[in-house]
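Asker: Before we start, here is the structure in question, set down as structure tokens.
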Amino acid sequence: MLIDSDTKGMTVIMYRKTNSRWLKHWDFILLDVIMLQISYICAYVLRNGWNNPYSTTVYLSAAIFLILISICASFFFESYRGILRRDCWLELRAVIQHVFFISVSNIVYLFMIKASSEYSRIFMIYYPVISILLLYTGRLTLKIWLKSHKGSTFEKRAIMIVTIENDYANIVESFRGNPYSEFHVMGIGILDEQETQIKSYQDIPFIMGEENIIEFLRSSWVDEILFSVPRKYIISKQILEKCSLMGITIHIELSNISTELPNQMIEKIEGRTVLSSSMKMSTSRQLFLKRMLDIIGGVVGVMITIILMLIVGPIIYIKSPGPIFFTQIRVGKNGRKFKMYKFRSMYMDAEERKQQLRNENKMSDGMMFKMENDPRIIRGIGNFIRKTSIDEFPQFWNVLKGDMSLVGTRPPTLDEWEQYDLRHRARLAIKPGITGLWQISGRSDITNFEEVVKLDTKYIKEWDLGVDIKIILKTVGVVLRQEGSS
């Protein structure tokens with residue numbers, strides 16, 4: 001396989017190495033924590049009768065420590081790596097090692113706090129035995145369940161396979177044959193053909209020819225693309241650059257290739273060794289902390305939303321009878337569609353009237369819609385909740401669900417998404433956010449969509465957790481001063 005030699009500058013944004021994603025096994029981590037606590041209760045009851053172990057200070061502190069040490073073990077020792085591929089005996093050994101580490105750590109903890117004399121020795125024997133039994137049974141049961149319920153398509157990473165006409169079946173089967181695959185194959189791109197009588201393979205559509213592949217990527221939900229072609233075939237500079245421009249993660253199956261790509265990383269995807277390239281690589285720990293920030297902020301935001309609903313909800317209904325929440329399909333990360341929630345600040349016929357007001361749009365290129373004195377806004381309450389950004393609070397539910405993040409890029413509407421050029425697509429290489437650089441940069445004064453794209457891509461390229469925290473703090477100040485909203 002060959003690559004057009006002039007491929008310098010090819011980039012992909014916000015990619016995380018597949019096999020370092022320890023948090024992808026959060027279900028097993030949570031299961032183990034629950035089983036360890038059930039084991040704790042069972043061991044206590046066997047030793048002390050039907051009493052509450054958490055009523056005793058030393059047992060309560062030890063129980064909390066067990067939760068923390070179990071999570072730390074998964075974080076630092078990657079004890080869940082390959083868990084879905086382990087057979088029964090390897091799983092039993094892994095469980096024994098996990099429980100042994102936790103039990104020894106607990107003994108050391110009790111010794112350090114000088115509480116070991118208050119702890120039952122018989123309990124210390126019961127606990128690891130019961131833990132091994134419950135953890136082993138729980139893990140095997142969960143693996144059986146996962147195998148039969150392969151997970152929803154939305155939760156998987158959407159990948160497009162690009163190959164030649166004679167090779168697609170084996171590649172697709174390597175993805176479809178893995179019941180635990182975290183990928184969903186969205187399309188099969190065939191580089192060496194322009195037409196075919198066969199429209200699909202196992203309900204996966206064929207996209208024939210380079211230009212059609214690029215158009216499919218532009219308009220569809222695709223997170224990543226895998227190029228798997230023979231050595232003699234040349235992958236053109238054009239398709240690589242355009243995939244890069246759209247912010248799609250690029251994987252190239254290795255076959256003695258030599259090329260200059262930034263931030264090269266070799267990994268395995270469904271048994272295939274590939275070269276991946278990214279302009280902004282984020283570690284699992286960084287993205288874990290970002291998600292934790294989202295969850296904490298989401299919980300607080302939802303609580304505030306409930307309070308605001310009791311206050312502004314009746315006013316919205318009185319001024320304009322109908323739902324107090326406005327829901328709309330928006331486009332999220334890499335083209336995923338989701339339902340976004342806001343407090344309704346416009347009359348019920350706002351979407352229909354939008355078409356009549358196109359000539360009043362402040363955005364010079366028509367890629368977004370904004371106008372002065374919008375007549376669709378509910379009088380008396382609409383402008384107030386928009387000016388104070390109260391209408392945005394229901395989006396904290398989207399953050400909790402994982403559709404959005406606290407900080408990101410503005411999610412476009414379907415009609416906006418359909419107008420995007422290739423370069424515009426890159427701004428959706430991450431989850432959209434409630435706030436972002438655009439929101440704190442005087443969004444009412446920006447009338448050129450290219451400026452919005454520039455700010456969004458700047459955020460993506462320079463992202464780290466500190467940037468998110470700064471943007472959140474600046475957003476609070478912008479909202480309190482009622483700047484930049486409309």
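Naming scheme: A, B, ... for chains in displayed order of the structure tokens; residues 1 onward per chain; ligands 1 onward as shown.
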Hey, could you make a per-residue contact list for stretch 136-202 of chain A against stretch 215-224 of chain A with 10 Å as the cut-off, showing the nearest pair of atoms and its distance in Å to one decimal, counting only C-alpha atoms, sorted by chain and number, as a tab-separated table?
Answerer:
residue	atom	partner	partner_atom	distance
A:Lys156	CA	A:Asp223	CA	9.6
A:Arg157	CA	A:Asp223	CA	6.2
A:Ala158	CA	A:Val222	CA	5.0
A:Ile159	CA	A:Glu224	CA	4.7
A:Met160	CA	A:Glu224	CA	6.5
A:Ile161	CA	A:Glu224	CA	8.9
A:Phe183	CA	A:Glu224	CA	9.4
A:His184	CA	A:Val222	CA	9.4
A:Val185	CA	A:Val222	CA	9.0
A:Met186	CA	A:Val222	CA	7.0
A:Gly187	CA	A:Phe216	CA	8.7
A:Gly189	CA	A:Phe216	CA	9.3
Asker: Pull the strand (DSSP E or B) assignments for stretch 107-205 of chain A out of DSSP run on the backbone, and list those residues as number ranges by chain.
Answerer: A: 157-163, 183-190, 200-201, 204-205
Asker: Next, dump the selected residues to file, keeping only C-alpha atoms, as an mmCIF file, in the first residue's frame.
Answerer:
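Output file result-v2.cif follows:
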data_model
loop_
_atom_site.group_PDB
_atom_site.id
_atom_site.type_symbol
_atom_site.label_atom_id
_atom_site.label_comp_id
_atom_site.auth_asym_id
_atom_site.auth_seq_id
_atom_site.Cartn_x
_atom_site.Cartn_y
_atom_site.Cartn_z
ATOM 1 C CA ARG A 157 -17.952 4.686 17.235
ATOM 2 C CA ALA A 158 -19.093 5.100 13.641
ATOM 3 C CA ILE A 159 -16.424 3.959 11.209
ATOM 4 C CA MET A 160 -16.231 3.853 7.424
ATOM 5 C CA ILE A 161 -14.123 1.196 5.732
ATOM 6 C CA VAL A 162 -12.344 2.208 2.533
ATOM 7 C CA THR A 163 -10.846 -0.585 0.451
ATOM 8 C CA PHE A 183 -17.398 0.140 16.214
ATOM 9 C CA HIS A 184 -20.450 0.434 13.980
ATOM 10 C CA VAL A 185 -19.647 0.202 10.275
ATOM 11 C CA MET A 186 -21.509 3.038 8.546
ATOM 12 C CA GLY A 187 -20.377 2.466 4.982
ATOM 13 C CA ILE A 188 -18.005 0.620 2.665
ATOM 14 C CA GLY A 189 -16.033 2.863 0.350
ATOM 15 C CA ILE A 190 -14.678 1.238 -2.824
ATOM 16 C CA SER A 200 -24.982 -2.974 0.004
ATOM 17 C CA TYR A 201 -23.361 -5.767 1.977
ATOM 18 C CA ILE A 204 -24.044 -1.609 4.916
ATOM 19 C CA PRO A 205 -24.175 0.736 1.891
#
Asker: Given only C-alpha atoms as the basis, pick out the residue of A:Val300, A:Ile102, A:Ala115, A:Ile307 nearest to A:Leu68.
Answerer: A:Ile102
Asker: Considering only alpha helix (DSSP H) as DSSP defines it on the backbone, what residues of stretch 340-443 of chain A qualify? List them as a list in words.
Answerer: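 These are the residues in question: Ala350, Glu351, Glu352, Arg353, Lys354, Gly382, Asn383, Phe384, Ile385, Arg386, Lys387, Gln395, Phe396, Trp397, Asn398, Val399, Leu400, Lys401, Leu414, Asp415, Glu416, Trp417, Glu418, Leu422, Arg423, His424 and Arg425 of chain A.
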Asker: So the first atom is atom CA of A:Gln439 and the second is atom CA of A:His424; what is the distance between them in Å, to one decimal place?
Answerer: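 Interatomic distance here is 17.7 Å.
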Asker: Counting only C-alpha atoms, which of A:Phe123, A:Tyr80, A:Trp417, A:Phe65 gets nearest to A:Ser39?
Answerer: A:Phe123
Asker: Which residues are near A:Lys337? Cut-off 12 Å, only C-alpha atoms, ignore same chain within fewer than 2 positions. Put them as a PDB file with N, CA, C and O atoms, in the first residue's frame.
Answerer:
ATOM      1  N   PHE A 154     -25.865   3.962  18.696  1.00  0.00           N
ATOM      2  CA  PHE A 154     -25.499   5.333  19.072  1.00  0.00           C
ATOM      3  C   PHE A 154     -24.282   5.359  19.983  1.00  0.00           C
ATOM      4  O   PHE A 154     -23.482   6.274  19.944  1.00  0.00           O
ATOM      5  N   SER A 219     -21.678  14.479   4.806  1.00  0.00           N
ATOM      6  CA  SER A 219     -23.092  14.593   5.169  1.00  0.00           C
ATOM      7  C   SER A 219     -23.578  13.526   6.141  1.00  0.00           C
ATOM      8  O   SER A 219     -24.749  13.528   6.499  1.00  0.00           O
ATOM      9  N   SER A 220     -22.711  12.627   6.575  1.00  0.00           N
ATOM     10  CA  SER A 220     -23.146  11.505   7.412  1.00  0.00           C
ATOM     11  C   SER A 220     -22.427  11.511   8.756  1.00  0.00           C
ATOM     12  O   SER A 220     -21.419  12.195   8.936  1.00  0.00           O
ATOM     13  N   TRP A 221     -22.966  10.709   9.681  1.00  0.00           N
ATOM     14  CA  TRP A 221     -22.302  10.528  10.981  1.00  0.00           C
ATOM     15  C   TRP A 221     -21.178   9.520  10.801  1.00  0.00           C
ATOM     16  O   TRP A 221     -21.409   8.329  10.638  1.00  0.00           O
ATOM     17  N   VAL A 222     -19.945   9.987  10.788  1.00  0.00           N
ATOM     18  CA  VAL A 222     -18.764   9.125  10.713  1.00  0.00           C
ATOM     19  C   VAL A 222     -17.710   9.700  11.657  1.00  0.00           C
ATOM     20  O   VAL A 222     -17.305  10.848  11.515  1.00  0.00           O
ATOM     21  N   GLN A 328     -35.571  20.338  19.801  1.00  0.00           N
ATOM     22  CA  GLN A 328     -35.183  20.442  18.397  1.00  0.00           C
ATOM     23  C   GLN A 328     -34.064  19.446  18.114  1.00  0.00           C
ATOM     24  O   GLN A 328     -33.179  19.238  18.946  1.00  0.00           O
ATOM     25  N   ILE A 329     -34.119  18.822  16.951  1.00  0.00           N
ATOM     26  CA  ILE A 329     -33.049  17.914  16.560  1.00  0.00           C
ATOM     27  C   ILE A 329     -31.838  18.741  16.145  1.00  0.00           C
ATOM     28  O   ILE A 329     -31.923  19.611  15.281  1.00  0.00           O
ATOM     29  N   ARG A 330     -30.730  18.500  16.805  1.00  0.00           N
ATOM     30  CA  ARG A 330     -29.478  19.171  16.471  1.00  0.00           C
ATOM     31  C   ARG A 330     -28.440  18.128  16.059  1.00  0.00           C
ATOM     32  O   ARG A 330     -28.612  16.934  16.281  1.00  0.00           O
ATOM     33  N   VAL A 331     -27.355  18.612  15.476  1.00  0.00           N
ATOM     34  CA  VAL A 331     -26.282  17.732  15.026  1.00  0.00           C
ATOM     35  C   VAL A 331     -25.114  17.851  15.996  1.00  0.00           C
ATOM     36  O   VAL A 331     -24.632  18.951  16.271  1.00  0.00           O
ATOM     37  N   GLY A 332     -24.692  16.704  16.530  1.00  0.00           N
ATOM     38  CA  GLY A 332     -23.627  16.685  17.517  1.00  0.00           C
ATOM     39  C   GLY A 332     -22.317  16.174  16.947  1.00  0.00           C
ATOM     40  O   GLY A 332     -22.025  16.342  15.765  1.00  0.00           O
ATOM     41  N   LYS A 333     -21.545  15.521  17.797  1.00  0.00           N
ATOM     42  CA  LYS A 333     -20.192  15.097  17.445  1.00  0.00           C
ATOM     43  C   LYS A 333     -20.180  14.242  16.182  1.00  0.00           C
ATOM     44  O   LYS A 333     -20.845  13.222  16.094  1.00  0.00           O
ATOM     45  N   ASN A 334     -19.415  14.696  15.207  1.00  0.00           N
ATOM     46  CA  ASN A 334     -19.205  13.975  13.952  1.00  0.00           C
ATOM     47  C   ASN A 334     -20.485  13.600  13.219  1.00  0.00           C
ATOM     48  O   ASN A 334     -20.525  12.625  12.480  1.00  0.00           O
ATOM     49  N   GLY A 335     -21.552  14.379  13.435  1.00  0.00           N
ATOM     50  CA  GLY A 335     -22.784  14.159  12.673  1.00  0.00           C
ATOM     51  C   GLY A 335     -23.866  13.401  13.401  1.00  0.00           C
ATOM     52  O   GLY A 335     -24.932  13.160  12.830  1.00  0.00           O
ATOM     53  N   LYS A 339     -31.669  15.138  20.345  1.00  0.00           N
ATOM     54  CA  LYS A 339     -32.734  16.076  20.676  1.00  0.00           C
ATOM     55  C   LYS A 339     -32.241  17.024  21.770  1.00  0.00           C
ATOM     56  O   LYS A 339     -31.909  16.600  22.869  1.00  0.00           O
ATOM     57  N   MET A 340     -32.199  18.323  21.444  1.00  0.00           N
ATOM     58  CA  MET A 340     -31.716  19.327  22.389  1.00  0.00           C
ATOM     59  C   MET A 340     -32.905  20.016  23.056  1.00  0.00           C
ATOM     60  O   MET A 340     -33.938  20.245  22.431  1.00  0.00           O
ATOM     61  N   ASP A 403     -25.014  13.792  25.352  1.00  0.00           N
ATOM     62  CA  ASP A 403     -25.161  14.378  24.021  1.00  0.00           C
ATOM     63  C   ASP A 403     -24.271  15.600  23.854  1.00  0.00           C
ATOM     64  O   ASP A 403     -23.784  15.875  22.757  1.00  0.00           O
ATOM     65  N   MET A 404     -24.100  16.342  24.959  1.00  0.00           N
ATOM     66  CA  MET A 404     -23.349  17.590  24.926  1.00  0.00           C
ATOM     67  C   MET A 404     -22.345  17.618  26.074  1.00  0.00           C
ATOM     68  O   MET A 404     -22.330  16.724  26.932  1.00  0.00           O
ATOM     69  N   PRO A 411     -24.044  23.415  18.681  1.00  0.00           N
ATOM     70  CA  PRO A 411     -24.597  22.372  17.800  1.00  0.00           C
ATOM     71  C   PRO A 411     -25.479  22.975  16.715  1.00  0.00           C
ATOM     72  O   PRO A 411     -26.424  23.711  17.005  1.00  0.00           O
ATOM     73  N   PRO A 412     -25.195  22.697  15.444  1.00  0.00           N
ATOM     74  CA  PRO A 412     -25.995  23.287  14.372  1.00  0.00           C
ATOM     75  C   PRO A 412     -27.348  22.599  14.214  1.00  0.00           C
ATOM     76  O   PRO A 412     -27.542  21.457  14.642  1.00  0.00           O
ATOM     77  N   THR A 413     -28.278  23.292  13.589  1.00  0.00           N
ATOM     78  CA  THR A 413     -29.553  22.691  13.221  1.00  0.00           C
ATOM     79  C   THR A 413     -29.337  21.840  11.964  1.00  0.00           C
ATOM     80  O   THR A 413     -28.296  21.920  11.313  1.00  0.00           O
ATOM     81  N   LEU A 414     -30.344  21.041  11.624  1.00  0.00           N
ATOM     82  CA  LEU A 414     -30.213  20.159  10.465  1.00  0.00           C
ATOM     83  C   LEU A 414     -30.008  20.940   9.174  1.00  0.00           C
ATOM     84  O   LEU A 414     -29.188  20.560   8.323  1.00  0.00           O
ATOM     85  N   TRP A 417     -26.449  22.227   9.073  1.00  0.00           N
ATOM     86  CA  TRP A 417     -25.524  21.127   8.842  1.00  0.00           C
ATOM     87  C   TRP A 417     -25.467  20.756   7.357  1.00  0.00           C
ATOM     88  O   TRP A 417     -24.393  20.480   6.812  1.00  0.00           O
ATOM     89  N   LEU A 428     -17.233  20.056  14.515  1.00  0.00           N
ATOM     90  CA  LEU A 428     -18.009  19.058  15.241  1.00  0.00           C
ATOM     91  C   LEU A 428     -17.190  17.796  15.506  1.00  0.00           C
ATOM     92  O   LEU A 428     -17.740  16.711  15.669  1.00  0.00           O
ATOM     93  N   LYS A 431     -17.794  16.911  21.116  1.00  0.00           N
ATOM     94  CA  LYS A 431     -19.185  17.114  21.521  1.00  0.00           C
ATOM     95  C   LYS A 431     -19.512  18.605  21.540  1.00  0.00           C
ATOM     96  O   LYS A 431     -18.680  19.421  21.947  1.00  0.00           O
ATOM     97  N   PRO A 432     -20.700  18.976  21.113  1.00  0.00           N
ATOM     98  CA  PRO A 432     -21.100  20.377  21.243  1.00  0.00           C
ATOM     99  C   PRO A 432     -21.255  20.752  22.710  1.00  0.00           C
ATOM    100  O   PRO A 432     -21.422  19.870  23.566  1.00  0.00           O
TER     101      PRO A 432
END
Asker: List the neighbours of A:Ile125 out to 12 Å using only C-alpha atoms; skip same-chain residues closer than 6 positions along the sequence, and give me the result as a PDB file with C-alpha atoms, in the first residue's frame.
Answerer:
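Final output, out-v3.pdb:
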ATOM      1  CA  SER A  39     -19.656  -9.149  49.829  1.00  0.00           C
ATOM      2  CA  TYR A  40     -18.798  -6.721  52.618  1.00  0.00           C
ATOM      3  CA  ALA A  43     -19.236 -11.133  55.481  1.00  0.00           C
ATOM      4  CA  TYR A  44     -20.307  -8.770  58.269  1.00  0.00           C
ATOM      5  CA  LEU A  46     -22.035 -13.921  58.844  1.00  0.00           C
ATOM      6  CA  ARG A  47     -19.721 -12.702  61.592  1.00  0.00           C
ATOM      7  CA  VAL A  99      -9.553  -9.235  45.330  1.00  0.00           C
ATOM      8  CA  PHE A 100      -6.127 -10.105  46.768  1.00  0.00           C
ATOM      9  CA  SER A 103      -7.842  -7.181  50.670  1.00  0.00           C
ATOM     10  CA  VAL A 104      -4.144  -6.559  51.300  1.00  0.00           C
ATOM     11  CA  ILE A 107      -5.297  -4.558  55.886  1.00  0.00           C
ATOM     12  CA  TYR A 119     -11.670  -5.436  62.927  1.00  0.00           C
ATOM     13  CA  SER A 131     -15.829 -11.363  46.968  1.00  0.00           C
ATOM     14  CA  ILE A 132     -14.135 -13.818  44.626  1.00  0.00           C
TER      15      ILE A 132
END
Asker: Find the spatial neighbours of A:Ile96, counting only C-alpha atoms, within a cut-off of 10 Å - ignore same-chain residues fewer than 5 positions away - and output them as an mmCIF file with C-alpha atoms, in the first residue's frame.
Answerer:
data_model
loop_
_atom_site.group_PDB
_atom_site.id
_atom_site.type_symbol
_atom_site.label_atom_id
_atom_site.label_comp_id
_atom_site.auth_asym_id
_atom_site.auth_seq_id
_atom_site.Cartn_x
_atom_site.Cartn_y
_atom_site.Cartn_z
ATOM 1 C CA LEU A 90 -8.184 -16.292 32.958
ATOM 2 C CA GLU A 91 -11.124 -14.377 34.404
ATOM 3 C CA PHE A 101 -4.826 -6.602 46.025
ATOM 4 C CA ILE A 102 -7.917 -4.982 47.559
ATOM 5 C CA PRO A 128 -12.191 -12.208 50.133
ATOM 6 C CA VAL A 129 -13.824 -15.631 49.677
ATOM 7 C CA SER A 131 -15.829 -11.363 46.968
ATOM 8 C CA ILE A 132 -14.135 -13.818 44.626
ATOM 9 C CA LEU A 133 -17.363 -15.800 44.250
ATOM 10 C CA LEU A 135 -17.137 -10.857 41.355
ATOM 11 C CA TYR A 136 -16.473 -13.928 39.222
#
Asker: With a distance cut-off of 12 Å and only C-alpha atoms, select the neighbouring residues of A:Leu142, excluding the residue or stretch itself and same-chain residues fewer than 5 positions from it, and output the selection as a ChimeraX atom specification.
Answerer: /A:25,27-32,83-84,134-137,147-150,180
Asker: To one decimal in Å, tell me the separation between atom CA of A:Ile316 and atom CA of A:Arg376.
Answerer: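 These atoms are spaced 13.5 Å apart.
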